[in-house]
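Shown next: coords_33.pdb, given as PDB, C-alpha atoms.
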MODEL        1
ATOM      1  CA  MET A1344     103.010 111.071 116.057
ATOM      2  CA  SER A1345     106.307 110.392 114.385
ATOM      3  CA  THR A1346     107.879 106.932 114.309
ATOM      4  CA  THR A1347     111.583 106.060 114.263
ATOM      5  CA  LEU A1348     113.042 103.734 111.630
ATOM      6  CA  PRO A1349     116.033 101.425 112.186
ATOM      7  CA  PRO A1350     119.351 102.455 110.561
ATOM      8  CA  ALA A1351     119.263 102.230 106.741
ATOM      9  CA  ALA A1352     121.118  98.900 106.658
ATOM     10  CA  ASP A1353     118.420  97.263 108.793
ATOM     11  CA  ARG A1354     115.218  98.705 107.251
ATOM     12  CA  HIS A1355     112.761  96.087 105.992
ATOM     13  CA  PHE A1356     109.182  95.895 104.769
ATOM     14  CA  GLU A1357     107.956  95.194 108.313
ATOM     15  CA  ASP A1358     109.225  98.631 109.442
ATOM     16  CA  TYR A1359     106.664 100.489 107.252
ATOM     17  CA  PRO A1360     103.196  99.742 108.704
ATOM     18  CA  VAL A1361     100.213 101.616 107.289
ATOM     19  CA  GLY A1362      99.678 104.855 109.207
ATOM     20  CA  ALA A1363     103.277 105.237 110.368
ATOM     21  CA  VAL A1364     104.537 108.833 110.056
ATOM     22  CA  PHE A1365     108.223 109.668 109.613
ATOM     23  CA  ASP A1366     109.957 113.052 109.853
ATOM     24  CA  LEU A1367     112.762 113.069 107.304
ATOM     25  CA  GLY A1368     114.405 116.376 108.201
ATOM     26  CA  THR A1369     114.768 119.727 106.442
ATOM     27  CA  PHE A1370     116.395 121.247 103.372
ATOM     28  CA  ALA A1371     116.689 124.592 101.580
ATOM     29  CA  LEU A1372     117.740 125.592  98.061
ATOM     30  CA  SER A1373     120.064 128.544  97.475
ATOM     31  CA  GLU A1374     119.406 130.979  94.631
ATOM     32  CA  ASP A1375     122.662 129.977  92.933
ATOM     33  CA  ASN A1376     121.726 126.295  93.087
ATOM     34  CA  ILE A1377     118.209 127.010  91.847
ATOM     35  CA  VAL A1378     119.556 128.833  88.800
ATOM     36  CA  ALA A1379     122.307 126.251  88.141
ATOM     37  CA  PHE A1380     119.950 123.247  88.308
ATOM     38  CA  ALA A1381     117.377 124.932  86.093
ATOM     39  CA  ALA A1382     119.933 126.183  83.563
ATOM     40  CA  ARG A1383     120.833 122.548  82.978
ATOM     41  CA  TYR A1384     117.493 120.760  83.252
ATOM     42  CA  ASP A1385     114.555 123.181  83.298
ATOM     43  CA  PRO A1386     115.611 126.461  81.644
ATOM     44  CA  GLN A1387     112.336 128.342  82.064
ATOM     45  CA  ALA A1388     112.515 132.097  82.685
ATOM     46  CA  MET A1389     110.855 131.799  86.115
ATOM     47  CA  HIS A1390     113.814 129.658  87.295
ATOM     48  CA  ILE A1391     116.839 131.200  85.564
ATOM     49  CA  ASP A1392     116.125 134.809  84.550
ATOM     50  CA  ARG A1393     116.676 136.799  87.758
ATOM     51  CA  ASN A1394     115.739 140.184  86.246
ATOM     52  CA  TRP A1395     112.594 139.002  84.523
ATOM     53  CA  ALA A1396     111.519 136.979  87.581
ATOM     54  CA  ALA A1397     112.058 139.963  89.915
ATOM     55  CA  GLN A1398     109.296 141.811  88.085
ATOM     56  CA  GLY A1399     106.945 138.832  87.971
ATOM     57  CA  LEU A1400     104.307 137.192  90.122
ATOM     58  CA  PHE A1401     106.792 135.647  92.571
ATOM     59  CA  GLY A1402     109.166 138.614  92.992
ATOM     60  CA  GLY A1403     112.240 136.572  92.050
ATOM     61  CA  VAL A1404     113.314 133.184  90.766
ATOM     62  CA  ILE A1405     111.547 130.106  92.102
ATOM     63  CA  ALA A1406     112.942 126.582  92.118
ATOM     64  CA  SER A1407     112.209 124.137  89.319
ATOM     65  CA  GLY A1408     109.697 121.632  90.656
ATOM     66  CA  TRP A1409     112.122 118.912  89.570
ATOM     67  CA  HIS A1410     114.854 120.507  91.669
ATOM     68  CA  THR A1411     112.637 120.513  94.759
ATOM     69  CA  VAL A1412     111.758 116.877  94.233
ATOM     70  CA  ALA A1413     115.403 115.902  93.607
ATOM     71  CA  ALA A1414     116.529 117.612  96.824
ATOM     72  CA  LEU A1415     113.661 115.920  98.664
ATOM     73  CA  MET A1416     114.766 112.561  97.252
ATOM     74  CA  ARG A1417     118.059 112.829  99.102
ATOM     75  CA  LEU A1418     116.202 112.903 102.435
ATOM     76  CA  ILE A1419     114.039 109.979 101.315
ATOM     77  CA  VAL A1420     117.150 107.951 100.486
ATOM     78  CA  GLU A1421     118.981 108.821 103.700
ATOM     79  CA  ASN A1422     116.128 108.808 106.186
ATOM     80  CA  PHE A1423     113.419 106.553 104.776
ATOM     81  CA  LEU A1424     114.583 103.903 102.291
ATOM     82  CA  PRO A1425     116.668 100.811 103.055
ATOM     83  CA  GLN A1426     120.335 100.798 102.086
ATOM     84  CA  ARG A1427     120.989  99.011  98.781
ATOM     85  CA  GLY A1428     117.282  98.914  98.063
ATOM     86  CA  LEU A1429     115.242  98.032  95.014
ATOM     87  CA  ALA A1430     114.194 100.236  92.072
ATOM     88  CA  SER A1431     110.918 102.174  92.398
ATOM     89  CA  PRO A1432     108.100 101.587  89.905
ATOM     90  CA  GLY A1433     106.904 105.187  90.059
ATOM     91  CA  VAL A1434     105.108 108.077  91.703
ATOM     92  CA  ASP A1435     101.474 109.208  91.602
ATOM     93  CA  GLU A1436      99.928 112.633  92.115
ATOM     94  CA  LEU A1437     103.074 114.749  92.190
ATOM     95  CA  ARG A1438     101.801 118.255  92.985
ATOM     96  CA  TRP A1439     103.621 121.590  93.123
ATOM     97  CA  LEU A1440     101.294 123.581  95.367
ATOM     98  CA  LEU A1441     103.316 126.675  96.222
ATOM     99  CA  PRO A1442     106.455 128.266  94.735
ATOM    100  CA  VAL A1443     109.764 127.417  96.459
ATOM    101  CA  ARG A1444     111.887 130.516  96.976
ATOM    102  CA  PRO A1445     115.643 130.674  97.634
ATOM    103  CA  GLY A1446     116.566 129.968 101.248
ATOM    104  CA  GLU A1447     113.127 128.759 102.367
ATOM    105  CA  MET A1448     113.506 126.091 105.036
ATOM    106  CA  LEU A1449     111.386 123.095 104.052
ATOM    107  CA  ARG A1450     110.646 120.016 106.106
ATOM    108  CA  VAL A1451     109.640 116.602 104.872
ATOM    109  CA  GLN A1452     107.082 114.247 106.368
ATOM    110  CA  VAL A1453     106.083 110.816 105.048
ATOM    111  CA  THR A1454     102.998 108.772 105.948
ATOM    112  CA  VAL A1455     102.705 105.126 104.889
ATOM    113  CA  THR A1456      99.361 104.730 103.102
ATOM    114  CA  GLU A1457      99.611 101.125 101.863
ATOM    115  CA  ALA A1458     101.938  98.176 102.551
ATOM    116  CA  ARG A1459     101.276  95.049 100.555
ATOM    117  CA  ARG A1460     103.417  91.941 100.503
ATOM    118  CA  SER A1461     104.107  90.713  96.969
ATOM    119  CA  ARG A1462     102.443  87.411  96.033
ATOM    120  CA  SER A1463     104.634  86.696  93.033
ATOM    121  CA  ARG A1464     107.852  87.601  94.920
ATOM    122  CA  PRO A1465     107.289  86.931  98.631
ATOM    123  CA  ASP A1466     110.744  88.251  99.578
ATOM    124  CA  ARG A1467     109.452  91.825  99.185
ATOM    125  CA  GLY A1468     106.503  94.161  99.602
ATOM    126  CA  LEU A1469     105.240  97.329  97.965
ATOM    127  CA  VAL A1470     105.134 100.384 100.254
ATOM    128  CA  THR A1471     103.045 103.336  99.058
ATOM    129  CA  SER A1472     103.397 106.584 100.956
ATOM    130  CA  PHE A1473     102.210 110.180 101.017
ATOM    131  CA  VAL A1474     105.126 112.626 101.032
ATOM    132  CA  GLU A1475     104.604 116.236 102.125
ATOM    133  CA  VAL A1476     107.121 119.068 101.856
ATOM    134  CA  LEU A1477     106.033 121.822 104.266
ATOM    135  CA  ASN A1478     107.209 125.407 104.570
ATOM    136  CA  GLN A1479     107.802 127.316 107.812
ATOM    137  CA  CYS A1480     104.071 128.140 108.019
ATOM    138  CA  ASP A1481     103.341 124.382 107.757
ATOM    139  CA  GLU A1482     101.766 124.885 104.336
ATOM    140  CA  PRO A1483     102.365 122.034 101.867
ATOM    141  CA  VAL A1484     104.497 123.224  98.942
ATOM    142  CA  LEU A1485     104.876 119.784  97.311
ATOM    143  CA  THR A1486     103.114 116.444  97.784
ATOM    144  CA  MET A1487     103.470 113.089  96.037
ATOM    145  CA  ARG A1488     102.619 109.400  96.428
ATOM    146  CA  PRO A1489     105.706 107.291  95.678
ATOM    147  CA  MET A1490     105.771 103.490  95.537
ATOM    148  CA  ASN A1491     108.777 101.516  96.766
ATOM    149  CA  PHE A1492     109.573  97.839  96.760
ATOM    150  CA  VAL A1493     111.172  96.900 100.085
ATOM    151  CA  ARG A1494     112.697  93.527 101.051
ATOM    152  CA  CYS A1495     111.122  91.607 103.927
ATOM    153  CA  ARG A1496     113.030  90.791 107.074
ATOM    154  CA  PRO A1497     114.754  87.391 106.635
ATOM    155  CA  GLU A1498     113.075  85.796 109.697
ATOM    156  CA  SER A1499     109.619  86.669 108.316
ATOM    157  CA  LEU A1500     110.477  84.732 105.165
ATOM    158  CA  ALA A1501     111.524  81.664 107.154
ATOM    159  CA  SER A1502     108.320  81.724 109.213
ATOM    160  CA  SER A1503     106.117  81.971 106.115
ATOM    161  CA  GLY A1504     107.803  79.036 104.327
TER     162      GLY A1504
ATOM    163  CA  MET B 177     101.656 111.308  62.886
ATOM    164  CA  SER B 178     103.756 114.021  64.412
ATOM    165  CA  THR B 179     102.675 117.672  64.476
ATOM    166  CA  THR B 180     104.880 120.760  64.371
ATOM    167  CA  LEU B 181     104.593 123.520  66.974
ATOM    168  CA  PRO B 182     105.328 127.206  66.332
ATOM    169  CA  PRO B 183     108.581 128.621  67.782
ATOM    170  CA  ALA B 184     108.530 128.794  71.606
ATOM    171  CA  ALA B 185     107.757 132.537  71.674
ATOM    172  CA  ASP B 186     104.561 131.977  69.676
ATOM    173  CA  ARG B 187     103.151 128.805  71.331
ATOM    174  CA  HIS B 188      99.649 129.200  72.739
ATOM    175  CA  PHE B 189      96.867 127.022  74.133
ATOM    176  CA  GLU B 190      95.333 126.707  70.650
ATOM    177  CA  ASP B 191      98.476 124.915  69.420
ATOM    178  CA  TYR B 192      97.850 121.876  71.666
ATOM    179  CA  PRO B 193      94.675 120.152  70.395
ATOM    180  CA  VAL B 194      93.709 116.793  71.892
ATOM    181  CA  GLY B 195      95.351 113.966  69.954
ATOM    182  CA  ALA B 196      98.261 116.015  68.629
ATOM    183  CA  VAL B 197     101.567 114.125  68.820
ATOM    184  CA  PHE B 198     104.918 115.912  69.100
ATOM    185  CA  ASP B 199     108.429 114.463  68.731
ATOM    186  CA  LEU B 200     110.672 116.333  71.164
ATOM    187  CA  GLY B 201     114.038 114.882  70.150
ATOM    188  CA  THR B 202     116.575 112.600  71.838
ATOM    189  CA  PHE B 203     118.924 112.566  74.803
ATOM    190  CA  ALA B 204     121.415 110.247  76.521
ATOM    191  CA  LEU B 205     123.014 110.233  79.974
ATOM    192  CA  SER B 206     126.727 109.520  80.410
ATOM    193  CA  GLU B 207     127.930 107.296  83.244
ATOM    194  CA  ASP B 208     129.815 110.207  84.818
ATOM    195  CA  ASN B 209     126.701 112.383  84.772
ATOM    196  CA  ILE B 210     124.553 109.556  86.148
ATOM    197  CA  VAL B 211     126.894 109.105  89.107
ATOM    198  CA  ALA B 212     127.311 112.867  89.700
ATOM    199  CA  PHE B 213     123.573 113.608  89.674
ATOM    200  CA  ALA B 214     122.816 110.689  91.977
ATOM    201  CA  ALA B 215     125.666 111.450  94.375
ATOM    202  CA  ARG B 216     124.011 114.792  94.979
ATOM    203  CA  TYR B 217     120.302 113.958  94.862
ATOM    204  CA  ASP B 218     119.653 110.209  94.903
ATOM    205  CA  PRO B 219     122.664 108.440  96.450
ATOM    206  CA  GLN B 220     121.404 104.881  96.144
ATOM    207  CA  ALA B 221     123.958 102.142  95.467
ATOM    208  CA  MET B 222     122.356 101.220  92.118
ATOM    209  CA  HIS B 223     123.160 104.756  90.833
ATOM    210  CA  ILE B 224     126.525 105.586  92.418
ATOM    211  CA  ASP B 225     128.389 102.410  93.400
ATOM    212  CA  ARG B 226     129.959 101.209  90.141
ATOM    213  CA  ASN B 227     131.526  98.063  91.626
ATOM    214  CA  TRP B 228     128.442  96.933  93.494
ATOM    215  CA  ALA B 229     126.190  97.731  90.537
ATOM    216  CA  ALA B 230     128.441  95.795  88.140
ATOM    217  CA  GLN B 231     127.627  92.588  90.045
ATOM    218  CA  GLY B 232     123.911  93.322  90.306
ATOM    219  CA  LEU B 233     120.767  92.794  88.282
ATOM    220  CA  PHE B 234     121.526  95.556  85.776
ATOM    221  CA  GLY B 235     125.257  94.855  85.193
ATOM    222  CA  GLY B 236     126.280  98.427  86.034
ATOM    223  CA  VAL B 237     124.931 101.714  87.346
ATOM    224  CA  ILE B 238     121.528 102.866  86.129
ATOM    225  CA  ALA B 239     120.275 106.453  86.109
ATOM    226  CA  SER B 240     118.248 107.861  88.974
ATOM    227  CA  GLY B 241     114.652 108.090  87.795
ATOM    228  CA  TRP B 242     114.756 111.769  88.797
ATOM    229  CA  HIS B 243     117.790 112.304  86.576
ATOM    230  CA  THR B 244     115.981 110.803  83.580
ATOM    231  CA  VAL B 245     112.954 112.996  84.201
ATOM    232  CA  ALA B 246     115.104 116.124  84.684
ATOM    233  CA  ALA B 247     116.940 115.520  81.398
ATOM    234  CA  LEU B 248     113.591 114.889  79.706
ATOM    235  CA  MET B 249     112.292 118.169  81.118
ATOM    236  CA  ARG B 250     114.876 120.087  79.136
ATOM    237  CA  LEU B 251     113.381 118.770  75.876
ATOM    238  CA  ILE B 252     109.884 119.591  77.136
ATOM    239  CA  VAL B 253     110.950 123.188  77.861
ATOM    240  CA  GLU B 254     112.770 123.651  74.556
ATOM    241  CA  ASN B 255     110.492 121.767  72.193
ATOM    242  CA  PHE B 256     107.025 121.721  73.763
ATOM    243  CA  LEU B 257     106.286 124.533  76.243
ATOM    244  CA  PRO B 258     105.808 128.229  75.434
ATOM    245  CA  GLN B 259     108.617 130.647  76.235
ATOM    246  CA  ARG B 260     108.094 132.484  79.542
ATOM    247  CA  GLY B 261     105.252 130.161  80.423
ATOM    248  CA  LEU B 262     103.255 129.520  83.575
ATOM    249  CA  ALA B 263     104.026 127.213  86.515
ATOM    250  CA  SER B 264     102.797 123.608  86.310
ATOM    251  CA  PRO B 265     100.391 122.239  88.926
ATOM    252  CA  GLY B 266     101.829 118.735  88.752
ATOM    253  CA  VAL B 267     102.287 115.344  87.146
ATOM    254  CA  ASP B 268     100.290 112.113  87.387
ATOM    255  CA  GLU B 269     101.341 108.505  86.887
ATOM    256  CA  LEU B 270     105.092 108.950  86.637
ATOM    257  CA  ARG B 271     106.393 105.461  85.842
ATOM    258  CA  TRP B 272     109.923 104.126  85.573
ATOM    259  CA  LEU B 273     109.374 101.071  83.407
ATOM    260  CA  LEU B 274     112.886 100.026  82.405
ATOM    261  CA  PRO B 275     116.359 100.887  83.728
ATOM    262  CA  VAL B 276     118.238 103.673  81.887
ATOM    263  CA  ARG B 277     121.842 102.690  81.241
ATOM    264  CA  PRO B 278     124.759 105.020  80.424
ATOM    265  CA  GLY B 279     124.858 106.107  76.790
ATOM    266  CA  GLU B 280     121.428 104.758  75.831
ATOM    267  CA  MET B 281     119.845 106.985  73.193
ATOM    268  CA  LEU B 282     116.332 107.889  74.300
ATOM    269  CA  ARG B 283     113.665 109.695  72.329
ATOM    270  CA  VAL B 284     110.724 111.647  73.663
ATOM    271  CA  GLN B 285     107.188 111.731  72.310
ATOM    272  CA  VAL B 286     104.255 113.706  73.734
ATOM    273  CA  THR B 287     100.552 113.217  73.004
ATOM    274  CA  VAL B 288      97.990 115.809  74.128
ATOM    275  CA  THR B 289      95.266 113.944  76.067
ATOM    276  CA  GLU B 290      93.168 116.863  77.352
ATOM    277  CA  ALA B 291      92.967 120.606  76.590
ATOM    278  CA  ARG B 292      90.508 122.576  78.686
ATOM    279  CA  ARG B 293      90.107 126.329  78.702
ATOM    280  CA  SER B 294      89.979 127.773  82.214
ATOM    281  CA  ARG B 295      86.614 129.208  83.281
ATOM    282  CA  SER B 296      87.941 131.229  86.193
ATOM    283  CA  ARG B 297      90.885 132.598  84.152
ATOM    284  CA  PRO B 298      89.863 132.672  80.485
ATOM    285  CA  ASP B 299      93.286 133.918  79.364
ATOM    286  CA  ARG B 300      94.656 130.380  79.741
ATOM    287  CA  GLY B 301      93.924 126.674  79.421
ATOM    288  CA  LEU B 302      95.109 123.479  81.059
ATOM    289  CA  VAL B 303      96.920 121.069  78.731
ATOM    290  CA  THR B 304      97.315 117.478  79.973
ATOM    291  CA  SER B 305      99.625 115.213  78.015
ATOM    292  CA  PHE B 306     101.097 111.727  77.940
ATOM    293  CA  VAL B 307     104.882 111.771  77.754
ATOM    294  CA  GLU B 308     106.797 108.689  76.623
ATOM    295  CA  VAL B 309     110.559 108.177  76.739
ATOM    296  CA  LEU B 310     111.436 105.352  74.345
ATOM    297  CA  ASN B 311     114.659 103.390  73.916
ATOM    298  CA  GLN B 312     116.217 102.297  70.629
ATOM    299  CA  CYS B 313     113.926  99.231  70.561
ATOM    300  CA  ASP B 314     110.932 101.596  70.922
ATOM    301  CA  GLU B 315     110.197 100.238  74.390
ATOM    302  CA  PRO B 316     108.916 102.832  76.887
ATOM    303  CA  VAL B 317     111.420 103.365  79.698
ATOM    304  CA  LEU B 318     109.525 106.242  81.360
ATOM    305  CA  THR B 319     105.991 107.608  81.010
ATOM    306  CA  MET B 320     104.148 110.415  82.802
ATOM    307  CA  ARG B 321     101.075 112.635  82.508
ATOM    308  CA  PRO B 322     102.059 116.278  83.165
ATOM    309  CA  MET B 323      99.632 119.195  83.368
ATOM    310  CA  ASN B 324     100.571 122.625  82.036
ATOM    311  CA  PHE B 325      98.770 125.947  82.063
ATOM    312  CA  VAL B 326      99.235 127.645  78.695
ATOM    313  CA  ARG B 327      98.143 131.169  77.715
ATOM    314  CA  CYS B 328      95.578 131.572  74.953
ATOM    315  CA  ARG B 329      96.353 133.395  71.729
ATOM    316  CA  PRO B 330      95.458 137.101  72.173
ATOM    317  CA  GLU B 331      93.014 137.156  69.227
ATOM    318  CA  SER B 332      91.011 134.266  70.746
ATOM    319  CA  LEU B 333      90.566 136.352  73.901
ATOM    320  CA  ALA B 334      89.263 139.315  71.940
ATOM    321  CA  SER B 335      86.760 137.175  70.028
ATOM    322  CA  SER B 336      85.421 135.598  73.202
ATOM    323  CA  GLY B 337      84.867 138.950  74.990
TER     324      GLY B 337
ENDMDL
END
This entry written out as structure tokens:
Amino acid sequence: MSTTLPPAADRHFEDYPVGAVFDLGTFALSEDNIVAFAARYDPQAMHIDRNWAAQGLFGGVIASGWHTVAALMRLIVENFLPQRGLASPGVDELRWLLPVRPGEMLRVQVTVTEARRSRSRPDRGLVTSFVEVLNQCDEPVLTMRPMNFVRCRPESLASSG
Amino acid sequence: MSTTLPPAADRHFEDYPVGAVFDLGTFALSEDNIVAFAARYDPQAMHIDRNWAAQGLFGGVIASGWHTVAALMRLIVENFLPQRGLASPGVDELRWLLPVRPGEMLRVQVTVTEARRSRSRPDRGLVTSFVEVLNQCDEPVLTMRPMNFVRCRPESLASSG
């Protein structure tokens, strides 16, 4: 069952309990954008060479895995993270499970897997989550486990002091 | 000690022995590119809001971690992977260790940590590596452990058959 977060300006550590599931919305990548992103950052033939890719395993260009994850990040920023948040320490187990083709509608779901208040800096906590990008057949095309520091709600600081 | 790879068109699984170290070159991100990438893919204040960021912890905008990894990917494609290669299954332990500021010159070093020939598909092997992005003080700003399928050299297939 999906949970609703407060607006970005009011999201705090306490809004990310373990087990909470959030639907972050959908996105798609056009063929032109796939080729343009890859030409700049990931110029492999499978992403930029339309003629070569048409004869290959996937029947056309597929998105750079870094493009898929960048487009996904926008939904994470808008629909999951707090406004004016803190830098992330990293991501574990980033997996590209299926090719992403132009125009495929992808939806994003996030499950909180760990939420641990910081001991050294009690104004924040570390939220670890499992992110799934699913295609229209509900097959996962990308998964990852990002970590995010999130500030605690001010009243919870006062009550702990 | 750094090793030299063949040209991209001639790189094969046998060219990536465990322990080999490759220097992939350098890159830098301009402030305009940092803001433009983040405005599209990672619109967090620390990446796009110059005025707010100037008063913050980092004294100005810092690059989206996904921008740093995308720019790094270009050097991996050009100076590490084979031409017309295979799709990657994923990346482990992506870590953003230090902020990347506009204009910082970053260099990229890759160490092969595992090289395992596929049993189910003996025409290829899985190369796992440790990628480090280092600043001018030789401090790591980003590390990750990507996996890449790489085709074997044709003669090694013949001799194994």
*Quick one: which residues from chain B are at most 9 Å off chain A, using only C-alpha atoms, as a count of residues only?*
37
What would the selection look like, as a compact mmCIF listing (two decimals) with C-alpha atoms, in the frame of the given file, if the PyMOL selection byres ((chain B and resi 208) around 12) were run on the coordinates I just shared?
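Final output, saved to selection.txt:
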# COMPACT_ATOMS: atom_id res chain seq x y z
CA ALA B 204 121.42 110.25 76.52
CA LEU B 205 123.01 110.23 79.97
CA SER B 206 126.73 109.52 80.41
CA GLU B 207 127.93 107.30 83.24
CA ASN B 209 126.70 112.38 84.77
CA ILE B 210 124.55 109.56 86.15
CA VAL B 211 126.89 109.10 89.11
CA ALA B 212 127.31 112.87 89.70
CA PHE B 213 123.57 113.61 89.67
CA ALA B 214 122.82 110.69 91.98
CA ALA B 215 125.67 111.45 94.38
CA HIS B 223 123.16 104.76 90.83
CA ILE B 224 126.52 105.59 92.42
CA ASP B 225 128.39 102.41 93.40
CA ARG B 226 129.96 101.21 90.14
CA VAL B 237 124.93 101.71 87.35
CA ILE B 238 121.53 102.87 86.13
CA ALA B 239 120.28 106.45 86.11
CA ARG B 277 121.84 102.69 81.24
CA PRO B 278 124.76 105.02 80.42
CA GLY B 279 124.86 106.11 76.79
*For each of A:Glu1457, A:Leu1477, A:Arg1467, A:Cys1495, take the minimum atom-to-atom distance to Val1361 of chain A, counting all atoms listed in the file, then give the residue where this is smallest.*
A:Glu1457
Determine the axis-aligned bounding box of all atoms of segment 313-330 of chain B present in the file, pad each side by 3 Å, and express its centre and edge lengths in Å to one decimal place as lines of an AutoDock Vina configuration file.
center_x = 104.7
center_y = 118.2
center_z = 77.0
size_x = 24.5
size_y = 43.9
size_z = 18.8
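Restricting the calculation to all atoms listed in the file, the smallest distance between Thr1369 of chain A and any of A:Arg1459, A:Asn1491, A:Asp1466, A:Leu1449 is found for A:Leu1449.
What separates atom CA of Leu1469 of chain A from atom CA of Phe1356 of chain A is a distance of 8.0 Å.
Here the PyMOL selection byres ((chain B and resi 329) around 10) matches the residues Asp186, Arg187, His188, Phe189, Glu190, Asp191, Asp299, Arg300, Val326, Arg327, Cys328, Pro330, Glu331, Ser332, Leu333 and Ala334 of chain B.
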